[in-house]
Amino acid sequence: MIEIERKFLVTSTKYRDEAKTKTRIIQGFLNTDKERTVRVRLKGENGFLTIKGKSSKDGLSRFEWEKEISKTEAEALLKLCVPTIIDKIRYEIMLGQHIFEVDEFFGDNEGLVIAEVELTSKNEAIKKPNWLGEEVTGQIKYYNSQLSKQPYKTWSS
């Protein structure tokens, strides 16, 4: 399956009031090669194993395969992941036909808030909420796999 998504920085906390769900996510990476990443995720009480391919040149799309696994399996696999484990709260906000997923990061990535929206095509129009800031689609440093290696707190201003 090909995933098409855009990423944005977030300029305020107003999305919290619009959120229909709020879920804690703990995730780590077994592999963060530039050609592919292998992610283990605990989303609430559910575990997932995800493989993502290399991003397209514009950063909008890439192959993604995901399989649900047990919480116990996910917890065991998280112990094998490379540093740093990602800890975040995900808010889901419905706006028009799209769901914006806003991630508030904690730990070594505290202070970073990113919104993602999945699309059905690269040219699909979206309605932008007023709390959406600069677009960072395709900027690798904002990928979770890179945040595990180069956390937000290590970035120089």
# chains A, B, ... in the order shown; residues from 1 in each chain; ligands from 1

$ select_by_dssp --residues "chain A" --states "alpha helix (DSSP H)" --output "list in words"
Tyr15, Arg16, Asp17, Glu18, Lys71, Thr72, Glu73, Ala74, Glu75, Ala76, Leu77, Leu78, Asn144, Ser145, Gln146, Leu147, Ser148 and Lys149 of chain A

$ residues_around --residues "Trp131 (chain A)" --least-positions-apart "6" --cutoff "9 Å" --atoms "only C-alpha atoms" --output "ChimeraX atom specification"
/A:9-15

$ residues_around --residues "Trp155 (chain A)" --least-positions-apart "2" --cutoff "12 Å" --atoms "only C-alpha atoms" --output "list in words"
Asp108, Asn109, Glu110, Gly111, Leu112, Lys141, Tyr142, Gln146, Leu147, Lys149, Gln150, Pro151, Tyr152, Lys153 and Ser157 of chain A

$ write_last_selection --atoms "N, CA, C and O atoms" --output "mmCIF file, in the first residue's frame"
data_model
loop_
_atom_site.group_PDB
_atom_site.id
_atom_site.type_symbol
_atom_site.label_atom_id
_atom_site.label_comp_id
_atom_site.auth_asym_id
_atom_site.auth_seq_id
_atom_site.Cartn_x
_atom_site.Cartn_y
_atom_site.Cartn_z
ATOM 1 N N ASP A 108 12.786 13.182 25.034
ATOM 2 C CA ASP A 108 13.811 13.916 24.295
ATOM 3 C C ASP A 108 13.258 14.731 23.133
ATOM 4 O O ASP A 108 13.989 15.511 22.529
ATOM 5 N N ASN A 109 11.979 14.530 22.789
ATOM 6 C CA ASN A 109 11.348 15.300 21.708
ATOM 7 C C ASN A 109 10.299 16.279 22.223
ATOM 8 O O ASN A 109 9.523 16.831 21.446
ATOM 9 N N GLU A 110 10.294 16.500 23.554
ATOM 10 C CA GLU A 110 9.313 17.404 24.142
ATOM 11 C C GLU A 110 9.424 18.798 23.533
ATOM 12 O O GLU A 110 10.521 19.287 23.277
ATOM 13 N N GLY A 111 8.265 19.405 23.284
ATOM 14 C CA GLY A 111 8.213 20.727 22.681
ATOM 15 C C GLY A 111 7.877 20.686 21.206
ATOM 16 O O GLY A 111 7.491 21.688 20.632
ATOM 17 N N LEU A 112 8.011 19.515 20.597
ATOM 18 C CA LEU A 112 7.693 19.359 19.180
ATOM 19 C C LEU A 112 6.245 18.900 19.033
ATOM 20 O O LEU A 112 5.816 17.968 19.720
ATOM 21 N N LYS A 141 14.155 15.268 8.958
ATOM 22 C CA LYS A 141 14.383 15.409 10.406
ATOM 23 C C LYS A 141 13.086 15.312 11.206
ATOM 24 O O LYS A 141 13.124 15.037 12.404
ATOM 25 N N TYR A 142 11.931 15.499 10.541
ATOM 26 C CA TYR A 142 10.643 15.401 11.237
ATOM 27 C C TYR A 142 10.052 13.992 11.207
ATOM 28 O O TYR A 142 8.995 13.758 11.792
ATOM 29 N N GLN A 146 13.788 9.426 12.410
ATOM 30 C CA GLN A 146 14.918 10.336 12.611
ATOM 31 C C GLN A 146 14.872 10.976 13.993
ATOM 32 O O GLN A 146 15.916 11.219 14.605
ATOM 33 N N LEU A 147 13.661 11.248 14.492
ATOM 34 C CA LEU A 147 13.530 11.802 15.844
ATOM 35 C C LEU A 147 14.037 10.820 16.892
ATOM 36 O O LEU A 147 14.451 11.234 17.976
ATOM 37 N N LYS A 149 16.713 9.024 16.420
ATOM 38 C CA LYS A 149 18.175 9.112 16.341
ATOM 39 C C LYS A 149 18.699 10.508 16.674
ATOM 40 O O LYS A 149 19.752 10.653 17.282
ATOM 41 N N GLN A 150 17.977 11.523 16.245
ATOM 42 C CA GLN A 150 18.340 12.925 16.480
ATOM 43 C C GLN A 150 17.140 13.636 17.115
ATOM 44 O O GLN A 150 16.400 14.348 16.430
ATOM 45 N N PRO A 151 16.927 13.421 18.416
ATOM 46 C CA PRO A 151 15.759 14.008 19.076
ATOM 47 C C PRO A 151 15.720 15.532 18.985
ATOM 48 O O PRO A 151 16.760 16.193 18.885
ATOM 49 N N TYR A 152 14.529 16.053 19.049
ATOM 50 C CA TYR A 152 14.264 17.499 18.940
ATOM 51 C C TYR A 152 15.130 18.315 19.896
ATOM 52 O O TYR A 152 15.619 19.386 19.544
ATOM 53 N N LYS A 153 15.343 17.817 21.129
ATOM 54 C CA LYS A 153 16.123 18.558 22.117
ATOM 55 C C LYS A 153 17.584 18.721 21.715
ATOM 56 O O LYS A 153 18.271 19.564 22.267
ATOM 57 N N SER A 157 19.105 25.795 17.670
ATOM 58 C CA SER A 157 18.106 26.783 17.236
ATOM 59 C C SER A 157 18.562 27.565 16.030
ATOM 60 O O SER A 157 19.669 27.857 15.818
#

$ closest_residue --among "A:Asp33, A:Ser121, A:Ile85, A:Lys128" --to "Phe100 (chain A)" --atoms "only C-alpha atoms"
A:Lys128

$ residues_around --residues "Arg39 (chain A)" --least-positions-apart "3" --cutoff "7 Å" --atoms "only C-alpha atoms" --output "list in words"
Gln27, Gly28, Phe29, Leu30, Leu49, Thr50 and Ile51 of chain A

$ write_last_selection --atoms "C-alpha atoms" --output "PDB file, in the first residue's frame"
ATOM      1  CA  GLN A  27       7.134   3.449  19.495  1.00  0.00           C
ATOM      2  CA  GLY A  28      10.612   2.367  18.606  1.00  0.00           C
ATOM      3  CA  PHE A  29      12.544   1.376  15.519  1.00  0.00           C
ATOM      4  CA  LEU A  30      14.218  -1.943  14.782  1.00  0.00           C
ATOM      5  CA  LEU A  49       4.607  -3.806  13.465  1.00  0.00           C
ATOM      6  CA  THR A  50       5.085  -1.462  10.493  1.00  0.00           C
ATOM      7  CA  ILE A  51       7.488  -1.439   7.566  1.00  0.00           C
TER       8      ILE A  51
END

$ closest_residue --among "A:Ser55, A:Asn31, A:Thr137, A:Ser145" --to "Cys81 (chain A)" --atoms "only C-alpha atoms"
A:Asn31

$ residues_around --residues "Glu64 (chain A)" --least-positions-apart "3" --cutoff "12 Å" --atoms "only C-alpha atoms" --output "list in words"
Met1, Ile2, Glu3, Ile4, Glu5, Arg36, Thr37, Val38, Arg39, Leu49, Thr50, Ile51, Lys52, Gly53, Lys54, Ser55, Ser61 and Lys67 of chain A

$ write_last_selection --atoms "N, CA, C and O atoms" --output "mmCIF file, in the first residue's frame"
data_model
loop_
_atom_site.group_PDB
_atom_site.id
_atom_site.type_symbol
_atom_site.label_atom_id
_atom_site.label_comp_id
_atom_site.auth_asym_id
_atom_site.auth_seq_id
_atom_site.Cartn_x
_atom_site.Cartn_y
_atom_site.Cartn_z
ATOM 1 N N MET A 1 0.843 -1.174 0.000
ATOM 2 C CA MET A 1 0.000 0.000 0.000
ATOM 3 C C MET A 1 0.891 1.240 0.000
ATOM 4 O O MET A 1 1.894 1.293 0.695
ATOM 5 N N ILE A 2 0.517 2.249 -0.749
ATOM 6 C CA ILE A 2 1.247 3.503 -0.792
ATOM 7 C C ILE A 2 0.554 4.518 0.113
ATOM 8 O O ILE A 2 -0.648 4.749 0.004
ATOM 9 N N GLU A 3 1.317 5.099 1.010
ATOM 10 C CA GLU A 3 0.828 6.120 1.927
ATOM 11 C C GLU A 3 1.165 7.490 1.335
ATOM 12 O O GLU A 3 2.294 7.723 0.924
ATOM 13 N N ILE A 4 0.171 8.375 1.290
ATOM 14 C CA ILE A 4 0.370 9.742 0.832
ATOM 15 C C ILE A 4 -0.030 10.653 1.982
ATOM 16 O O ILE A 4 -1.166 10.592 2.459
ATOM 17 N N GLU A 5 0.928 11.449 2.471
ATOM 18 C CA GLU A 5 0.599 12.326 3.591
ATOM 19 C C GLU A 5 1.411 13.614 3.544
ATOM 20 O O GLU A 5 2.472 13.672 2.937
ATOM 21 N N ARG A 36 14.450 1.865 4.164
ATOM 22 C CA ARG A 36 13.314 1.245 4.838
ATOM 23 C C ARG A 36 13.401 1.464 6.347
ATOM 24 O O ARG A 36 14.494 1.578 6.883
ATOM 25 N N THR A 37 12.252 1.533 6.981
ATOM 26 C CA THR A 37 12.212 1.560 8.443
ATOM 27 C C THR A 37 11.288 0.458 8.916
ATOM 28 O O THR A 37 10.304 0.110 8.247
ATOM 29 N N VAL A 38 11.615 -0.101 10.084
ATOM 30 C CA VAL A 38 10.784 -1.115 10.713
ATOM 31 C C VAL A 38 10.449 -0.583 12.106
ATOM 32 O O VAL A 38 11.340 -0.380 12.934
ATOM 33 N N ARG A 39 9.158 -0.338 12.320
ATOM 34 C CA ARG A 39 8.677 0.309 13.546
ATOM 35 C C ARG A 39 7.847 -0.652 14.373
ATOM 36 O O ARG A 39 7.053 -1.430 13.841
ATOM 37 N N LEU A 49 3.308 -3.727 14.122
ATOM 38 C CA LEU A 49 4.607 -3.806 13.465
ATOM 39 C C LEU A 49 4.416 -3.192 12.086
ATOM 40 O O LEU A 49 3.515 -3.594 11.347
ATOM 41 N N THR A 50 5.250 -2.201 11.741
ATOM 42 C CA THR A 50 5.085 -1.462 10.493
ATOM 43 C C THR A 50 6.402 -1.386 9.743
ATOM 44 O O THR A 50 7.443 -1.123 10.343
ATOM 45 N N ILE A 51 6.330 -1.608 8.442
ATOM 46 C CA ILE A 51 7.488 -1.439 7.566
ATOM 47 C C ILE A 51 7.144 -0.327 6.588
ATOM 48 O O ILE A 51 6.087 -0.344 5.954
ATOM 49 N N LYS A 52 8.054 0.647 6.487
ATOM 50 C CA LYS A 52 7.874 1.755 5.545
ATOM 51 C C LYS A 52 9.054 1.780 4.592
ATOM 52 O O LYS A 52 10.195 1.614 5.003
ATOM 53 N N GLY A 53 8.762 2.019 3.319
ATOM 54 C CA GLY A 53 9.801 2.112 2.301
ATOM 55 C C GLY A 53 10.359 3.515 2.200
ATOM 56 O O GLY A 53 9.990 4.420 2.948
ATOM 57 N N LYS A 54 11.226 3.710 1.234
ATOM 58 C CA LYS A 54 11.851 5.003 0.974
ATOM 59 C C LYS A 54 10.798 5.981 0.460
ATOM 60 O O LYS A 54 9.937 5.619 -0.334
ATOM 61 N N SER A 55 10.893 7.230 0.904
ATOM 62 C CA SER A 55 9.956 8.265 0.457
ATOM 63 C C SER A 55 10.218 8.667 -0.988
ATOM 64 O O SER A 55 11.352 8.592 -1.461
ATOM 65 N N SER A 61 4.889 10.512 -0.580
ATOM 66 C CA SER A 61 4.388 9.133 -0.573
ATOM 67 C C SER A 61 5.508 8.129 -0.335
ATOM 68 O O SER A 61 6.679 8.401 -0.608
ATOM 69 N N LYS A 67 0.951 -4.543 10.445
ATOM 70 C CA LYS A 67 0.271 -5.724 10.964
ATOM 71 C C LYS A 67 0.060 -5.541 12.458
ATOM 72 O O LYS A 67 0.972 -5.121 13.177
#

$ residues_around --residues "Glu73 (chain A)" --least-positions-apart "3" --cutoff "12 Å" --atoms "only C-alpha atoms" --output "PyMOL selection string"
chain A and resi 40-42+45-49+67-70+76-80

$ write_last_selection --atoms "N, CA, C and O atoms" --output "PDB file, in the first residue's frame"
ATOM      1  N   VAL A  40       7.993  -0.550  15.683  1.00  0.00           N
ATOM      2  CA  VAL A  40       7.147  -1.254  16.648  1.00  0.00           C
ATOM      3  C   VAL A  40       6.387  -0.177  17.404  1.00  0.00           C
ATOM      4  O   VAL A  40       6.970   0.811  17.843  1.00  0.00           O
ATOM      5  N   ARG A  41       5.071  -0.376  17.539  1.00  0.00           N
ATOM      6  CA  ARG A  41       4.256   0.656  18.174  1.00  0.00           C
ATOM      7  C   ARG A  41       3.259   0.043  19.148  1.00  0.00           C
ATOM      8  O   ARG A  41       2.639  -0.972  18.855  1.00  0.00           O
ATOM      9  N   LEU A  42       3.122   0.707  20.291  1.00  0.00           N
ATOM     10  CA  LEU A  42       2.020   0.459  21.219  1.00  0.00           C
ATOM     11  C   LEU A  42       1.118   1.675  21.130  1.00  0.00           C
ATOM     12  O   LEU A  42       1.543   2.799  21.437  1.00  0.00           O
ATOM     13  N   GLU A  45      -3.714   0.047  24.004  1.00  0.00           N
ATOM     14  CA  GLU A  45      -3.490  -1.353  24.381  1.00  0.00           C
ATOM     15  C   GLU A  45      -3.171  -2.246  23.184  1.00  0.00           C
ATOM     16  O   GLU A  45      -3.074  -3.466  23.328  1.00  0.00           O
ATOM     17  N   ASN A  46      -3.025  -1.664  21.997  1.00  0.00           N
ATOM     18  CA  ASN A  46      -2.801  -2.436  20.779  1.00  0.00           C
ATOM     19  C   ASN A  46      -1.365  -2.295  20.287  1.00  0.00           C
ATOM     20  O   ASN A  46      -0.796  -1.207  20.324  1.00  0.00           O
ATOM     21  N   GLY A  47      -0.808  -3.416  19.797  1.00  0.00           N
ATOM     22  CA  GLY A  47       0.537  -3.412  19.249  1.00  0.00           C
ATOM     23  C   GLY A  47       0.505  -3.474  17.732  1.00  0.00           C
ATOM     24  O   GLY A  47      -0.421  -4.043  17.142  1.00  0.00           O
ATOM     25  N   PHE A  48       1.541  -2.897  17.092  1.00  0.00           N
ATOM     26  CA  PHE A  48       1.636  -2.895  15.635  1.00  0.00           C
ATOM     27  C   PHE A  48       3.092  -3.020  15.214  1.00  0.00           C
ATOM     28  O   PHE A  48       3.979  -2.456  15.857  1.00  0.00           O
ATOM     29  N   LEU A  49       3.308  -3.727  14.122  1.00  0.00           N
ATOM     30  CA  LEU A  49       4.607  -3.806  13.465  1.00  0.00           C
ATOM     31  C   LEU A  49       4.416  -3.192  12.086  1.00  0.00           C
ATOM     32  O   LEU A  49       3.515  -3.594  11.347  1.00  0.00           O
ATOM     33  N   LYS A  67       0.951  -4.543  10.445  1.00  0.00           N
ATOM     34  CA  LYS A  67       0.271  -5.724  10.964  1.00  0.00           C
ATOM     35  C   LYS A  67       0.060  -5.541  12.458  1.00  0.00           C
ATOM     36  O   LYS A  67       0.972  -5.121  13.177  1.00  0.00           O
ATOM     37  N   GLU A  68      -1.158  -5.845  12.920  1.00  0.00           N
ATOM     38  CA  GLU A  68      -1.421  -5.773  14.354  1.00  0.00           C
ATOM     39  C   GLU A  68      -0.781  -6.966  15.045  1.00  0.00           C
ATOM     40  O   GLU A  68      -0.839  -8.095  14.538  1.00  0.00           O
ATOM     41  N   ILE A  69      -0.136  -6.696  16.175  1.00  0.00           N
ATOM     42  CA  ILE A  69       0.474  -7.743  16.992  1.00  0.00           C
ATOM     43  C   ILE A  69      -0.030  -7.554  18.424  1.00  0.00           C
ATOM     44  O   ILE A  69      -0.635  -6.522  18.748  1.00  0.00           O
ATOM     45  N   SER A  70       0.234  -8.516  19.279  1.00  0.00           N
ATOM     46  CA  SER A  70      -0.256  -8.405  20.655  1.00  0.00           C
ATOM     47  C   SER A  70       0.542  -7.359  21.433  1.00  0.00           C
ATOM     48  O   SER A  70       1.680  -7.008  21.060  1.00  0.00           O
ATOM     49  N   ALA A  76       7.852  -6.678  24.021  1.00  0.00           N
ATOM     50  CA  ALA A  76       9.108  -7.420  23.873  1.00  0.00           C
ATOM     51  C   ALA A  76       9.967  -6.836  22.754  1.00  0.00           C
ATOM     52  O   ALA A  76      11.185  -6.679  22.907  1.00  0.00           O
ATOM     53  N   LEU A  77       9.350  -6.494  21.623  1.00  0.00           N
ATOM     54  CA  LEU A  77      10.094  -5.925  20.495  1.00  0.00           C
ATOM     55  C   LEU A  77      10.627  -4.523  20.803  1.00  0.00           C
ATOM     56  O   LEU A  77      11.709  -4.156  20.331  1.00  0.00           O
ATOM     57  N   LEU A  78       9.900  -3.749  21.600  1.00  0.00           N
ATOM     58  CA  LEU A  78      10.372  -2.413  21.967  1.00  0.00           C
ATOM     59  C   LEU A  78      11.711  -2.474  22.701  1.00  0.00           C
ATOM     60  O   LEU A  78      12.533  -1.566  22.597  1.00  0.00           O
ATOM     61  N   LYS A  79      11.955  -3.571  23.414  1.00  0.00           N
ATOM     62  CA  LYS A  79      13.222  -3.740  24.137  1.00  0.00           C
ATOM     63  C   LYS A  79      14.399  -3.945  23.188  1.00  0.00           C
ATOM     64  O   LYS A  79      15.552  -3.754  23.580  1.00  0.00           O
ATOM     65  N   LEU A  80      14.122  -4.308  21.930  1.00  0.00           N
ATOM     66  CA  LEU A  80      15.174  -4.529  20.934  1.00  0.00           C
ATOM     67  C   LEU A  80      15.447  -3.296  20.077  1.00  0.00           C
ATOM     68  O   LEU A  80      16.366  -3.294  19.254  1.00  0.00           O
TER      69      LEU A  80
END

$ select_by_dssp --residues "region 4-37 of chain A" --states "strand (DSSP E or B)" --output "list in words"
Ile4, Glu5, Arg6, Lys7, Phe8, Leu9, Val10, Thr21, Lys22, Thr23, Arg24, Ile25, Ile26, Gln27, Gly28, Phe29, Leu30, Asn31, Arg36 and Thr37 of chain A

$ write_last_selection --atoms "N, CA and C atoms" --output "mmCIF file, in the first residue's frame"
data_model
loop_
_atom_site.group_PDB
_atom_site.id
_atom_site.type_symbol
_atom_site.label_atom_id
_atom_site.label_comp_id
_atom_site.auth_asym_id
_atom_site.auth_seq_id
_atom_site.Cartn_x
_atom_site.Cartn_y
_atom_site.Cartn_z
ATOM 1 N N ILE A 4 0.171 8.375 1.290
ATOM 2 C CA ILE A 4 0.370 9.742 0.832
ATOM 3 C C ILE A 4 -0.030 10.653 1.982
ATOM 4 N N GLU A 5 0.928 11.449 2.471
ATOM 5 C CA GLU A 5 0.599 12.326 3.591
ATOM 6 C C GLU A 5 1.411 13.614 3.544
ATOM 7 N N ARG A 6 0.854 14.630 4.201
ATOM 8 C CA ARG A 6 1.539 15.914 4.356
ATOM 9 C C ARG A 6 1.742 16.149 5.843
ATOM 10 N N LYS A 7 2.852 16.791 6.182
ATOM 11 C CA LYS A 7 3.196 17.090 7.577
ATOM 12 C C LYS A 7 3.317 18.591 7.768
ATOM 13 N N PHE A 8 2.888 19.044 8.939
ATOM 14 C CA PHE A 8 2.922 20.461 9.273
ATOM 15 C C PHE A 8 3.337 20.647 10.734
ATOM 16 N N LEU A 9 3.971 21.764 11.023
ATOM 17 C CA LEU A 9 4.177 22.154 12.403
ATOM 18 C C LEU A 9 2.852 22.726 12.905
ATOM 19 N N VAL A 10 2.696 22.777 14.219
ATOM 20 C CA VAL A 10 1.458 23.244 14.833
ATOM 21 C C VAL A 10 1.758 24.498 15.653
ATOM 22 N N THR A 21 -10.435 12.052 19.446
ATOM 23 C CA THR A 21 -9.749 11.020 20.226
ATOM 24 C C THR A 21 -8.392 11.534 20.687
ATOM 25 N N LYS A 22 -7.891 10.901 21.740
ATOM 26 C CA LYS A 22 -6.583 11.214 22.312
ATOM 27 C C LYS A 22 -5.988 9.882 22.766
ATOM 28 N N THR A 23 -4.824 9.521 22.224
ATOM 29 C CA THR A 23 -4.232 8.209 22.503
ATOM 30 C C THR A 23 -2.733 8.342 22.747
ATOM 31 N N ARG A 24 -2.245 7.660 23.765
ATOM 32 C CA ARG A 24 -0.794 7.628 24.000
ATOM 33 C C ARG A 24 -0.167 6.589 23.073
ATOM 34 N N ILE A 25 0.964 6.950 22.487
ATOM 35 C CA ILE A 25 1.693 6.063 21.586
ATOM 36 C C ILE A 25 3.145 5.972 22.052
ATOM 37 N N ILE A 26 3.619 4.742 22.196
ATOM 38 C CA ILE A 26 5.025 4.469 22.474
ATOM 39 C C ILE A 26 5.531 3.699 21.267
ATOM 40 N N GLN A 27 6.629 4.156 20.666
ATOM 41 C CA GLN A 27 7.134 3.449 19.495
ATOM 42 C C GLN A 27 8.651 3.488 19.432
ATOM 43 N N GLY A 28 9.184 2.453 18.807
ATOM 44 C CA GLY A 28 10.612 2.367 18.606
ATOM 45 C C GLY A 28 10.890 1.799 17.228
ATOM 46 N N PHE A 29 12.151 1.812 16.852
ATOM 47 C CA PHE A 29 12.544 1.376 15.519
ATOM 48 C C PHE A 29 13.577 0.258 15.604
ATOM 49 N N LEU A 30 13.279 -0.832 14.897
ATOM 50 C CA LEU A 30 14.218 -1.943 14.782
ATOM 51 C C LEU A 30 15.222 -1.668 13.680
ATOM 52 N N ASN A 31 14.834 -0.832 12.713
ATOM 53 C CA ASN A 31 15.687 -0.486 11.580
ATOM 54 C C ASN A 31 15.313 0.915 11.118
ATOM 55 N N ARG A 36 14.450 1.865 4.164
ATOM 56 C CA ARG A 36 13.314 1.245 4.838
ATOM 57 C C ARG A 36 13.401 1.464 6.347
ATOM 58 N N THR A 37 12.252 1.533 6.981
ATOM 59 C CA THR A 37 12.212 1.560 8.443
ATOM 60 C C THR A 37 11.288 0.458 8.916
#

$ atom_distance --atom1 "CA of Tyr143 (chain A)" --atom2 "CA of Glu35 (chain A)"
13.4 Å

$ atom_distance --atom1 "CA of Lys20 (chain A)" --atom2 "CA of Gly107 (chain A)"
24.6 Å

$ atom_distance --atom1 "CA of Glu66 (chain A)" --atom2 "CA of Leu132 (chain A)"
27.5 Å

$ closest_residue --among "A:Gly44, A:Thr154, A:Asn130, A:Glu124" --to "Ala74 (chain A)" --atoms "only C-alpha atoms"
A:Gly44

$ closest_residue --among "A:Ala115, A:Ser56, A:Ser148, A:Thr72" --to "Ile93 (chain A)" --atoms "only C-alpha atoms"
A:Ala115
